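S.K.: As input, take protein-v6.txt (compact mmCIF, C-alpha atoms):
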# COMPACT_ATOMS: atom_id res chain seq x y z
CA MET A 1 126.36 69.88 51.14
CA LYS A 2 127.73 69.21 54.63
CA ALA A 3 129.43 72.60 54.64
CA VAL A 4 126.21 74.30 53.56
CA PHE A 5 124.25 72.51 56.29
CA ARG A 6 126.78 73.50 58.95
CA PHE A 7 126.58 77.14 57.83
CA CYS A 8 122.76 77.14 58.05
CA PHE A 9 122.81 75.53 61.49
CA ALA A 10 125.26 78.13 62.78
CA ALA A 11 123.10 80.96 61.39
CA VAL A 12 119.94 79.58 63.06
CA ALA A 13 121.77 79.17 66.41
CA ALA A 14 123.07 82.73 66.23
CA ALA A 15 119.55 84.03 65.54
CA LEU A 16 118.19 82.13 68.55
CA LEU A 17 120.90 83.50 70.83
CA ASN A 18 120.26 87.02 69.58
CA GLY A 19 116.51 86.63 70.27
CA CYS A 20 117.22 85.44 73.83
CA SER A 21 119.44 88.45 74.53
CA LEU A 22 116.75 90.81 73.24
CA LEU A 23 114.19 89.06 75.43
CA GLU A 24 116.41 89.51 78.49
CA VAL A 25 116.85 93.24 77.79
CA LYS A 26 113.11 93.76 77.21
CA LEU A 27 112.19 91.91 80.40
CA GLU A 28 114.58 94.03 82.45
CA SER A 29 113.34 97.26 80.92
CA GLY A 30 109.70 96.34 81.55
CA ILE A 31 110.24 97.09 85.27
CA GLU A 32 111.84 100.52 85.25
CA PRO A 33 113.58 101.46 88.51
CA LEU A 34 113.55 104.94 89.99
CA PRO A 35 116.47 107.16 88.90
CA GLN A 36 119.28 107.45 91.43
CA GLU A 37 118.54 111.15 91.98
CA GLN A 38 114.91 110.44 92.93
CA LEU A 39 115.99 107.64 95.28
CA ASN A 40 118.33 110.12 96.98
CA MET A 41 115.44 112.61 97.24
CA ARG A 42 113.26 110.00 98.93
CA VAL A 43 115.97 109.01 101.42
CA PHE A 44 116.75 112.64 102.29
CA SER A 45 113.10 113.64 102.76
CA ARG A 46 112.47 110.77 105.14
CA ASP A 47 115.68 111.35 107.08
CA PHE A 48 114.62 114.99 107.47
CA SER A 49 111.38 113.88 109.11
CA THR A 50 113.33 112.66 112.16
CA VAL A 51 115.01 116.06 112.53
CA PHE A 52 111.67 117.83 112.02
CA TYR A 53 109.87 115.81 114.68
CA SER A 54 112.69 116.27 117.20
CA GLN A 55 113.01 120.05 116.82
CA VAL A 56 109.26 120.74 116.76
CA GLU A 57 108.68 118.65 119.88
CA SER A 58 111.65 120.22 121.71
CA ALA A 59 110.49 123.77 120.91
CA ALA A 60 106.86 123.04 121.85
CA ASP A 61 107.87 121.37 125.14
CA LEU A 62 110.12 124.34 126.00
CA ILE A 63 107.22 126.76 125.47
CA GLU A 64 104.86 124.59 127.52
CA ARG A 65 107.27 124.36 130.48
CA ASN A 66 107.66 128.14 130.65
CA THR A 67 103.99 129.13 130.65
CA ASP A 68 100.87 128.72 132.78
CA SER A 69 98.49 129.89 130.05
CA ILE A 70 95.96 127.27 128.96
CA PRO A 71 95.65 128.69 125.39
CA VAL A 72 99.44 128.64 124.92
CA LYS A 73 99.69 125.05 126.20
CA SER A 74 96.84 124.11 123.89
CA ASN A 75 98.65 125.69 120.93
CA THR A 76 101.85 123.75 121.69
CA LEU A 77 99.92 120.47 121.56
CA MET A 78 98.17 121.49 118.32
CA TRP A 79 101.53 122.47 116.79
CA LYS A 80 103.02 119.05 117.49
CA ILE A 81 99.92 117.14 116.33
CA ASN A 82 99.13 119.02 113.12
CA ALA A 83 102.70 119.77 112.01
CA GLU A 84 103.79 116.14 112.27
CA GLN A 85 100.65 114.80 110.60
CA ASN A 86 101.11 117.27 107.71
CA LEU A 87 104.75 116.28 107.30
CA GLN A 88 103.73 112.63 106.99
CA HIS A 89 101.36 113.61 104.17
CA THR A 90 104.10 115.53 102.34
CA ILE A 91 106.95 112.99 102.50
CA PHE A 92 104.88 109.89 101.68
CA GLN A 93 103.83 110.91 98.16
CA ALA A 94 104.21 108.69 95.10
CA SER A 95 106.78 110.94 93.46
CA PRO A 96 110.01 111.69 95.39
CA THR A 97 110.19 115.01 93.55
CA ALA A 98 106.70 115.93 94.76
CA ALA A 99 107.58 114.87 98.31
CA MET A 100 110.72 117.02 98.42
CA LEU A 101 109.02 120.06 96.86
CA ASP A 102 105.95 119.85 99.13
CA THR A 103 108.11 119.45 102.25
CA TRP A 104 110.07 122.54 101.22
CA VAL A 105 106.82 124.49 100.75
CA PHE A 106 105.49 123.32 104.12
CA THR A 107 108.62 124.43 106.02
CA GLU A 108 108.39 127.85 104.34
CA GLN A 109 104.66 128.10 105.17
CA MET A 110 105.37 127.33 108.83
CA VAL A 111 108.00 130.10 108.99
CA GLU A 112 105.58 132.60 107.41
CA PHE A 113 102.75 131.53 109.76
CA PHE A 114 104.72 131.99 112.98
CA GLU A 115 106.79 135.00 111.90
CA THR A 116 104.36 137.35 110.13
CA GLY A 117 101.18 135.39 109.42
CA ALA A 118 98.05 134.47 111.34
CA GLY A 119 100.02 132.62 114.03
CA LYS A 120 102.47 135.39 114.98
CA ASN A 121 100.94 135.69 118.49
CA VAL A 122 99.85 132.12 119.28
CA PHE A 123 102.65 131.59 121.85
CA GLY A 124 102.63 135.05 123.41
CA GLU A 125 105.98 136.08 124.90
CA GLN A 126 107.63 132.85 123.73
CA GLN A 127 106.75 133.29 120.06
CA ALA A 128 110.45 133.65 119.20
CA VAL A 129 111.08 130.01 120.16
CA ALA A 130 108.67 128.75 117.47
CA VAL A 131 109.99 131.24 114.88
CA GLU A 132 113.60 130.24 115.53
CA ALA A 133 112.84 126.50 115.29
CA SER A 134 110.86 126.97 112.04
CA ILE A 135 113.58 129.07 110.39
CA LYS A 136 116.22 126.54 111.40
CA LEU A 137 114.25 123.67 109.84
CA ARG A 138 113.59 125.68 106.65
CA ASP A 139 117.24 126.66 106.22
CA GLN A 140 118.47 123.12 106.88
CA PHE A 141 116.10 121.72 104.26
CA GLU A 142 117.03 124.37 101.68
CA ARG A 143 120.76 123.65 102.04
CA THR A 144 120.27 120.04 101.06
CA VAL A 145 117.74 120.84 98.30
CA LYS A 146 120.38 123.06 96.71
CA ASN A 147 122.71 120.06 96.37
CA PHE A 148 120.19 118.31 94.08
CA GLY A 149 120.42 121.03 91.44
CA ALA A 150 122.05 124.39 92.05
CA ALA A 151 121.05 125.57 88.54
CA LYS A 152 117.32 125.11 89.23
CA PHE A 153 117.44 126.14 92.89
CA SER A 154 116.77 129.84 92.32
CA LYS A 155 113.80 129.18 90.05
CA ASN A 156 112.30 126.64 92.46
CA GLN A 157 112.88 129.02 95.37
CA GLU A 158 111.01 131.71 93.45
CA PHE A 159 108.07 129.34 93.01
CA VAL A 160 108.09 128.44 96.73
CA LYS A 161 108.00 132.12 97.75
CA GLN A 162 105.13 132.86 95.34
CA TYR A 163 103.12 129.81 96.40
CA VAL A 164 103.51 130.51 100.13
CA ALA A 165 102.47 134.13 99.62
CA SER A 166 99.25 133.05 97.87
CA HIS A 167 98.57 129.94 100.02
CA PRO A 168 99.41 130.80 103.65
CA ILE A 169 98.53 128.64 106.64
CA LYS A 170 95.52 130.27 108.32
CA ASP A 171 95.28 128.61 111.76
CA MET A 172 96.79 125.98 114.05
CA ALA A 173 94.96 123.23 112.16
CA PHE A 174 97.65 123.64 109.44
CA ALA A 175 95.13 122.90 106.67
CA ARG A 176 96.92 122.92 103.31
CA GLU A 177 97.05 121.34 99.84
CA SER A 178 99.91 119.83 97.85
CA ALA A 179 101.89 122.31 95.76
CA PHE A 180 103.06 119.75 93.20
CA THR A 181 100.36 120.49 90.60
CA ASP A 182 101.09 124.22 90.72
CA TRP A 183 104.81 123.46 90.43
CA LEU A 184 104.17 121.46 87.25
CA ASP A 185 102.23 124.39 85.79
CA PHE A 186 105.00 126.78 86.83
CA HIS A 187 107.59 124.71 84.93
CA GLN A 188 105.13 123.86 82.10
CA ILE A 189 105.44 120.11 82.69
CA SER A 190 102.61 117.79 81.66
CA GLU A 191 101.00 115.74 84.43
CA PHE A 192 101.44 112.64 82.25
CA ASP A 193 105.22 113.19 82.18
CA ALA A 194 105.55 114.01 85.87
CA ILE A 195 105.55 110.40 87.12
CA THR A 196 106.95 107.80 84.71
CA THR A 197 107.58 104.92 87.14
CA PHE A 198 106.90 103.85 90.72
CA GLY A 199 110.13 101.82 90.84
CA THR A 200 110.89 98.13 90.98
CA VAL A 201 109.08 95.68 93.25
CA PRO A 202 111.77 95.91 95.99
CA GLU A 203 111.57 99.73 95.84
CA VAL A 204 107.78 99.68 96.19
CA MET A 205 107.92 97.25 99.11
CA SER A 206 110.62 99.36 100.80
CA ASP A 207 108.38 102.43 100.43
CA ILE A 208 105.45 100.62 102.09
CA SER A 209 107.72 99.38 104.88
CA ASP A 210 108.90 102.95 105.59
CA ARG A 211 105.30 104.17 105.77
CA MET A 212 104.27 101.45 108.22
CA ALA A 213 107.30 102.08 110.43
CA MET A 214 106.64 105.82 110.54
CA ILE A 215 102.96 105.32 111.41
CA ALA A 216 103.79 102.81 114.14
CA GLU A 217 106.30 105.25 115.65
CA GLN A 218 104.23 108.44 115.52
CA MET A 219 100.69 107.19 116.17
CA PRO A 220 101.09 106.57 119.96
CA LYS A 221 102.62 110.04 120.48
CA ILE A 222 99.90 111.79 118.48
CA LEU A 223 97.13 109.94 120.32
CA GLY A 224 98.71 110.92 123.64
CA TRP A 225 98.88 114.59 122.63
CA LYS A 226 95.26 114.52 121.51
CA ALA A 227 94.22 113.03 124.84
CA GLU A 228 96.12 115.82 126.66
CA LEU A 229 94.37 118.39 124.47
CA TYR A 230 90.92 116.99 125.29
CA ALA A 231 91.72 116.92 129.00
CA LEU A 232 93.05 120.49 128.86
CA HIS A 233 89.78 121.80 127.40
CA SER A 234 87.39 119.78 129.59
CA ASN A 235 85.13 121.62 132.07
CA ILE A 236 86.24 119.68 135.16
CA ASN A 237 87.87 122.00 137.72
CA ALA A 238 89.60 119.90 140.39
CA ASP A 239 90.70 122.94 142.43
CA GLU A 240 87.12 124.18 142.81
CA ILE A 241 85.92 120.80 144.06
CA GLN A 242 88.80 120.59 146.54
CA ARG A 243 88.05 124.05 147.95
CA THR A 244 84.38 123.12 148.42
CA LEU A 245 85.24 119.93 150.29
CA THR A 246 87.69 121.81 152.53
CA SER A 247 85.05 124.42 153.38
CA ILE A 248 82.51 121.74 154.30
CA SER A 249 85.07 120.01 156.53
CA ASP A 250 85.87 123.25 158.40
CA THR A 251 82.19 124.03 158.88
CA SER A 252 81.53 120.57 160.28
CA ALA A 253 84.37 120.87 162.77
CA LYS A 254 83.11 124.21 164.05
CA PHE A 255 79.59 122.85 164.31
CA GLN A 256 80.72 119.92 166.47
CA GLN A 257 82.60 122.33 168.76
CA LEU A 258 79.50 124.48 169.27
CA MET A 259 77.31 121.42 169.90
CA ALA A 260 79.58 120.41 172.75
CA GLN A 261 79.39 123.86 174.39
CA SER A 262 75.61 124.43 174.15
CA PRO A 263 73.52 121.38 173.19
CA GLU A 264 70.10 123.09 173.29
CA MET A 265 71.12 126.10 171.25
CA MET A 266 73.07 123.92 168.85
CA GLN A 267 70.10 121.66 168.32
CA ALA A 268 68.06 124.64 167.14
CA LEU A 269 71.04 125.86 165.13
CA ALA A 270 71.36 122.43 163.55
CA VAL A 271 67.76 122.61 162.37
CA ASP A 272 68.37 126.03 160.86
CA MET A 273 71.63 125.00 159.27
CA ARG A 274 69.99 121.91 157.84
CA LYS A 275 67.50 124.17 156.15
CA GLU A 276 70.29 126.44 154.88
CA LEU A 277 72.66 123.69 153.83
CA THR A 278 70.10 121.49 152.08
CA PRO A 279 69.99 123.70 148.91
CA LEU A 280 73.78 123.94 148.95
CA LEU A 281 74.19 120.19 149.21
CA ALA A 282 71.61 119.66 146.49
CA GLN A 283 73.46 122.11 144.27
CA LEU A 284 76.75 120.39 145.04
CA SER A 285 75.22 117.01 144.25
CA ALA A 286 73.80 118.32 140.98
CA ASP A 287 77.17 119.88 140.07
CA THR A 288 78.96 116.64 140.90
CA ASP A 289 76.57 114.63 138.76
CA ASP A 290 77.03 117.11 135.93
CA LYS A 291 80.80 116.91 136.17
CA LEU A 292 80.69 113.12 136.22
CA ALA A 293 78.42 113.16 133.15
CA GLN A 294 80.85 115.49 131.38
CA LEU A 295 83.74 113.20 132.32
CA SER A 296 81.82 110.26 130.87
CA LEU A 297 81.23 112.20 127.65
CA GLU A 298 84.91 113.11 127.42
CA ARG A 299 85.85 109.47 127.95
CA GLN A 300 83.42 108.39 125.23
CA ALA A 301 84.82 111.06 122.89
CA LEU A 302 88.35 109.81 123.56
CA GLU A 303 87.29 106.20 122.90
CA LEU A 304 85.61 107.29 119.67
CA MET A 305 88.73 109.19 118.61
CA VAL A 306 90.95 106.15 119.26
CA LYS A 307 88.50 103.98 117.33
CA ASN A 308 88.47 106.39 114.38
CA GLU A 309 92.25 106.57 114.35
CA ARG A 310 92.47 102.77 114.35
CA GLN A 311 89.95 102.52 111.51
CA ALA A 312 91.83 105.17 109.55
CA LEU A 313 95.07 103.22 110.05
CA GLU A 314 93.43 99.97 108.92
CA THR A 315 91.95 101.75 105.88
CA MET A 316 95.32 103.20 104.92
CA VAL A 317 97.06 99.82 105.29
CA ALA A 318 94.37 98.20 103.11
CA ARG A 319 94.70 100.97 100.51
CA GLU A 320 98.48 100.63 100.39
CA ARG A 321 98.20 96.85 100.11
CA ALA A 322 95.72 97.20 97.24
CA ALA A 323 97.97 99.74 95.51
CA ALA A 324 100.96 97.40 95.83
CA ALA A 325 98.90 94.52 94.43
CA MET A 326 97.82 96.66 91.47
CA ASP A 327 101.43 97.62 90.80
CA LEU A 328 102.52 93.98 90.92
CA GLU A 329 99.67 93.00 88.58
CA GLN A 330 100.63 95.73 86.11
CA ILE A 331 104.29 94.68 86.23
CA SER A 332 103.34 91.02 85.62
CA GLN A 333 101.08 91.98 82.71
CA ASN A 334 103.85 94.05 81.12
CA ALA A 335 106.31 91.16 81.55
CA VAL A 336 103.93 88.70 79.89
CA GLU A 337 103.34 91.07 76.97
CA VAL A 338 107.07 91.52 76.46
CA VAL A 339 107.65 87.75 76.56
CA PHE A 340 105.00 87.06 73.92
CA GLN A 341 106.31 89.86 71.70
CA GLU A 342 109.82 88.45 71.79
CA ILE A 343 108.57 84.89 71.23
CA THR A 344 106.66 86.13 68.17
CA LYS A 345 109.77 87.82 66.79
CA THR A 346 111.86 84.70 67.42
CA LEU A 347 109.31 82.46 65.65
CA LYS A 348 109.29 84.78 62.64
CA SER A 349 113.08 84.61 62.47
CA LEU A 350 113.02 80.81 62.71
CA ILE A 351 110.50 80.57 59.86
CA LEU A 352 112.63 82.85 57.69
CA TYR A 353 115.78 80.86 58.36
CA PHE A 354 113.91 77.59 57.75
CA VAL A 355 112.75 78.83 54.34
CA LEU A 356 116.30 79.84 53.50
CA PHE A 357 117.47 76.43 54.63
CA LEU A 358 114.98 74.72 52.28
CA VAL A 359 116.10 76.93 49.41
CA VAL A 360 119.75 76.10 50.04
CA VAL A 361 119.21 72.35 50.54
CA PHE A 362 116.71 71.58 47.72
CA PHE A 363 116.76 74.27 45.08
CA ALA A 364 120.46 75.11 45.06
CA PRO A 365 121.59 71.54 44.07
CA LEU A 366 118.84 71.37 41.43
CA GLY A 367 119.93 74.66 39.90
CA LEU A 368 123.56 73.57 40.00
CA GLY A 369 122.69 70.28 38.22
CA VAL A 370 120.77 72.10 35.47
CA TRP A 371 123.65 74.51 34.98
CA LEU A 372 126.23 71.67 34.78
CA GLY A 373 123.98 69.78 32.34
CA LYS A 374 123.77 72.77 30.05
CA ARG A 375 127.55 73.25 30.23
CA MET A 376 128.16 69.61 29.33
CA GLN A 377 125.68 69.81 26.46
CA ILE A 378 127.38 72.92 25.10
CA LYS A 379 130.81 71.25 25.31
CA LYS A 380 129.43 68.16 23.58
CA GLN A 381 127.95 70.22 20.75
CA THR A 382 131.21 72.11 20.33
CA ALA A 383 133.20 68.87 20.13
CA THR A 384 130.74 67.46 17.51
CA GLU A 385 131.04 70.58 15.36
CA LEU A 386 134.84 70.42 15.51
CA LYS A 387 134.82 66.79 14.40
CA THR A 388 132.43 67.60 11.55
CA LYS A 389 134.68 70.40 10.29
CA ALA A 390 137.70 68.15 10.50
Could you spell out this file's structure in structure tokens?
M.R.:
Amino acid sequence: MKAVFRFCFAAVAAALLNGCSLLEVKLESGIEPLPQEQLNMRVFSRDFSTVFYSQVESAADLIERNTDSIPVKSNTLMWKINAEQNLQHTIFQASPTAAMLDTWVFTEQMVEFFETGAGKNVFGEQQAVAVEASIKLRDQFERTVKNFGAAKFSKNQEFVKQYVASHPIKDMAFARESAFTDWLDFHQISEFDAITTFGTVPEVMSDISDRMAMIAEQMPKILGWKAELYALHSNINADEIQRTLTSISDTSAKFQQLMAQSPEMMQALAVDMRKELTPLLAQLSADTDDKLAQLSLERQALELMVKNERQALETMVARERAAAAMDLEQISQNAVEVVFQEITKTLKSLILYFVLFLVVVFFAPLGLGVWLGKRMQIKKQTATELKTKA
């Protein structure tokens, strides 16, 4: 009986240990990390953003230094503002695959826009600078994309060419949509299978940290460029005002000289000039007031723009925080469900082994006693029959 009890105890302990190992595996698999390839895609896409910003800004600044044209200077500012904002939208997508594909499409769209599309003349004689910078960025991105899957590179490149041909950039606003949905249709991939996990909690928090760092770095530059753009298109002409003030100063000097030479004639001339200059001064005063009013409006517009940008930043931070909280809640819920499932399985196993234990402890000795009793009775009957025959 002691040996039987030891065997049952060992079996129950083994079942408990097996249940714990299954629970550990299930808990780990409940939070599925991103595959290593997708993590590499995310790191590469965000490293490329630094190169993109640097080359676009260098090319735009070179064009601006070599021109006196207001439209060309305006286009350089719009290129820096809209290109960098669009790149932020492409690289900070939930799926690293979508981010890499959309960044690839955007670089190809920018090449098509400056080389043969609607923006082939936006920089005049210096158009080649923008074309060269765009081609360089596109080629650099394609070389690294090829390393993530040379077998699929040609097919993906075919999709990029087709998509850019049917969805070109139309103006310097760089308005565009994500190409990821069309890419899924091109490869016949279901939208439900496109994104299977957002990664572990550390991966999600690292993603949010990268977004906040990028926004903090780029937002001051973009606001500065927007302020330059507003000032460039304002109606205040400082040269015209300076010329008017210089003319008034010269006229006053000549008038004082004439007054000294002939007081009587100059007194009459002063009356006449007062009559002639009064409308001019009134017009100048009205123009000055108008310019000051326009300057006030421009300042209010700039303040409103800064306020809207700040509100947009606060809204995005709140949205990202809410998304992270929802992800954490979903992960916790999945973990709790897995724990209760494993506990249920473990309890069922314990009940089964307990029933077996009862069978072995109580019913096995009873059956053995009945069997031994029958054997002894048979032997006794056999011995009695032998004696009777003898």
S.K.: What's around Ser178 of chain A at 8 Å? Count only C-alpha atoms, leave out sequence neighbours fewer than 3 positions away in its own chain, and write the answer as a PyMOL selection string.
M.R.: chain A and resi 90+102+181
S.K.: For Val122 of chain A, list every protein, DNA or RNA residue within 9 Å, evaluated using all atoms listed in the file, and leave out those in the same chain fewer than 6 positions away; present the list as a PyMOL selection string.
M.R.: chain A and resi 71-72+75-76+114+172
S.K.: For a test of reading the model, state the distance in Å between atom CA of Ile222 of chain A and atom CA of Arg299 of chain A, rounded to one decimal.
M.R.: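 For atom CA of Ile222 of chain A relative to atom CA of Arg299 of chain A, the distance reads 17.1 Å.
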S.K.: So which one's closest to Gln93 of chain A, A:Asp290, A:Glu276, A:Glu320, A:Glu298? Using only C-alpha atoms, please.
M.R.: A:Glu320
S.K.: Pick out the closest residue to Met100 of chain A from this set: A:Phe113, A:Phe180, A:Phe357, A:Phe174. Count all atoms listed in the file.
M.R.: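 Checking each of A:Phe113, A:Phe180, A:Phe357, A:Phe174 against Met100 of chain A, counting all atoms listed in the file, the winner is A:Phe180.
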S.K.: Please determine, counting all atoms listed in the file, which residue among A:Ser285, A:Lys170, A:Phe159, A:Lys120 has the shortest atom-to-atom distance to Asp185 of chain A.
M.R.: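 Closest candidate: A:Phe159.
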S.K.: I'd like to know which of A:Ala99, A:Val336, A:Val306, A:Leu295 is closest to Pro220 of chain A, using all atoms listed in the file.
M.R.: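 Residue with the minimum atom-to-atom distance to Pro220 of chain A: A:Val306.
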S.K.: Rank nothing, just name the residue among A:Leu358, A:Leu297, A:Val370, A:Met78 nearest to Leu223 of chain A, using only C-alpha atoms.
M.R.: A:Met78
S.K.: From the set A:Ser349, A:Gln341, A:Gln218, A:Thr116, which residue has the shortest atom-to-atom contact distance to Asn82 of chain A, counting all atoms listed in the file?
M.R.: A:Gln218
S.K.: Find the distance between atom CA of Gln126 of chain A and atom CA of Ile63 of chain A and write it in Å to one decimal.
M.R.: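 For atom CA of Gln126 of chain A relative to atom CA of Ile63 of chain A, the distance reads 6.3 Å.
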S.K.: Between atom CA of Pro96 of chain A and atom CA of Pro35 of chain A, what is the distance, to one decimal in Å?
M.R.: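 Computing it gives 10.2 Å between the two atoms.
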S.K.: Counting only C-alpha atoms, which residues of segment 49-112 of chain A fall within 8 Å of segment 133-136 of chain A, and what is the closest atom pair for each with its distance in Å at one decimal, ordered by chain and rising number, as CSV?
M.R.:
residue,atom,partner,partner_atom,distance
A:Gln55,CA,A:Ala133,CA,6.6
A:Val56,CA,A:Ala133,CA,6.9
A:Ala59,CA,A:Ala133,CA,6.7
A:Thr107,CA,A:Ser134,CA,6.9
A:Met110,CA,A:Ser134,CA,6.4
A:Val111,CA,A:Ser134,CA,5.2
S.K.: Using the partial input, fill out segment 360-382 of chain A with N, CA and C atoms; write the result as a CSV table (one decimal), in the frame of the given file.
M.R.:
chain,number,residue,atom,x,y,z
A,360,VAL,N,118.4,76.5,50.2
A,360,VAL,CA,119.8,76.1,50.0
A,360,VAL,C,119.9,74.6,49.8
A,361,VAL,N,119.1,73.8,50.6
A,361,VAL,CA,119.2,72.4,50.5
A,361,VAL,C,118.6,71.8,49.3
A,362,PHE,N,117.4,72.2,48.8
A,362,PHE,CA,116.7,71.6,47.7
A,362,PHE,C,116.9,72.3,46.4
A,363,PHE,N,116.7,73.6,46.4
A,363,PHE,CA,116.8,74.3,45.1
A,363,PHE,C,118.2,74.6,44.6
A,364,ALA,N,119.1,74.8,45.5
A,364,ALA,CA,120.5,75.1,45.1
A,364,ALA,C,121.1,73.9,44.3
A,365,PRO,N,121.0,72.7,44.8
A,365,PRO,CA,121.6,71.5,44.1
A,365,PRO,C,120.9,71.3,42.7
A,366,LEU,N,119.6,71.5,42.7
A,366,LEU,CA,118.8,71.4,41.4
A,366,LEU,C,119.3,72.4,40.4
A,367,GLY,N,119.4,73.6,40.8
A,367,GLY,CA,119.9,74.7,39.9
A,367,GLY,C,121.3,74.4,39.4
A,368,LEU,N,122.2,73.9,40.4
A,368,LEU,CA,123.6,73.6,40.0
A,368,LEU,C,123.6,72.4,39.0
A,369,GLY,N,122.7,71.4,39.2
A,369,GLY,CA,122.7,70.3,38.2
A,369,GLY,C,122.2,70.7,36.8
A,370,VAL,N,121.2,71.6,36.8
A,370,VAL,CA,120.8,72.1,35.5
A,370,VAL,C,121.9,72.9,34.8
A,371,TRP,N,122.6,73.7,35.6
A,371,TRP,CA,123.6,74.5,35.0
A,371,TRP,C,124.8,73.6,34.5
A,372,LEU,N,125.2,72.6,35.2
A,372,LEU,CA,126.2,71.7,34.8
A,372,LEU,C,125.8,70.9,33.6
A,373,GLY,N,124.5,70.5,33.5
A,373,GLY,CA,124.0,69.8,32.3
A,373,GLY,C,124.1,70.6,31.1
A,374,LYS,N,123.7,71.9,31.2
A,374,LYS,CA,123.8,72.8,30.0
A,374,LYS,C,125.2,72.9,29.6
A,375,ARG,N,126.1,73.1,30.6
A,375,ARG,CA,127.6,73.2,30.2
A,375,ARG,C,128.1,72.0,29.5
A,376,MET,N,127.7,70.8,30.0
A,376,MET,CA,128.2,69.6,29.3
A,376,MET,C,127.6,69.5,27.9
A,377,GLN,N,126.3,69.9,27.8
A,377,GLN,CA,125.7,69.8,26.5
A,377,GLN,C,126.3,70.8,25.5
A,378,ILE,N,126.7,72.0,26.0
A,378,ILE,CA,127.4,72.9,25.1
A,378,ILE,C,128.7,72.4,24.7
A,379,LYS,N,129.5,71.8,25.6
A,379,LYS,CA,130.8,71.2,25.3
A,379,LYS,C,130.7,70.1,24.3
A,380,LYS,N,129.6,69.3,24.5
A,380,LYS,CA,129.4,68.2,23.6
A,380,LYS,C,129.1,68.6,22.2
A,381,GLN,N,128.3,69.7,22.1
A,381,GLN,CA,128.0,70.2,20.8
A,381,GLN,C,129.2,70.8,20.1
A,382,THR,N,130.0,71.5,20.9
A,382,THR,CA,131.2,72.1,20.3
A,382,THR,C,132.1,71.0,19.8
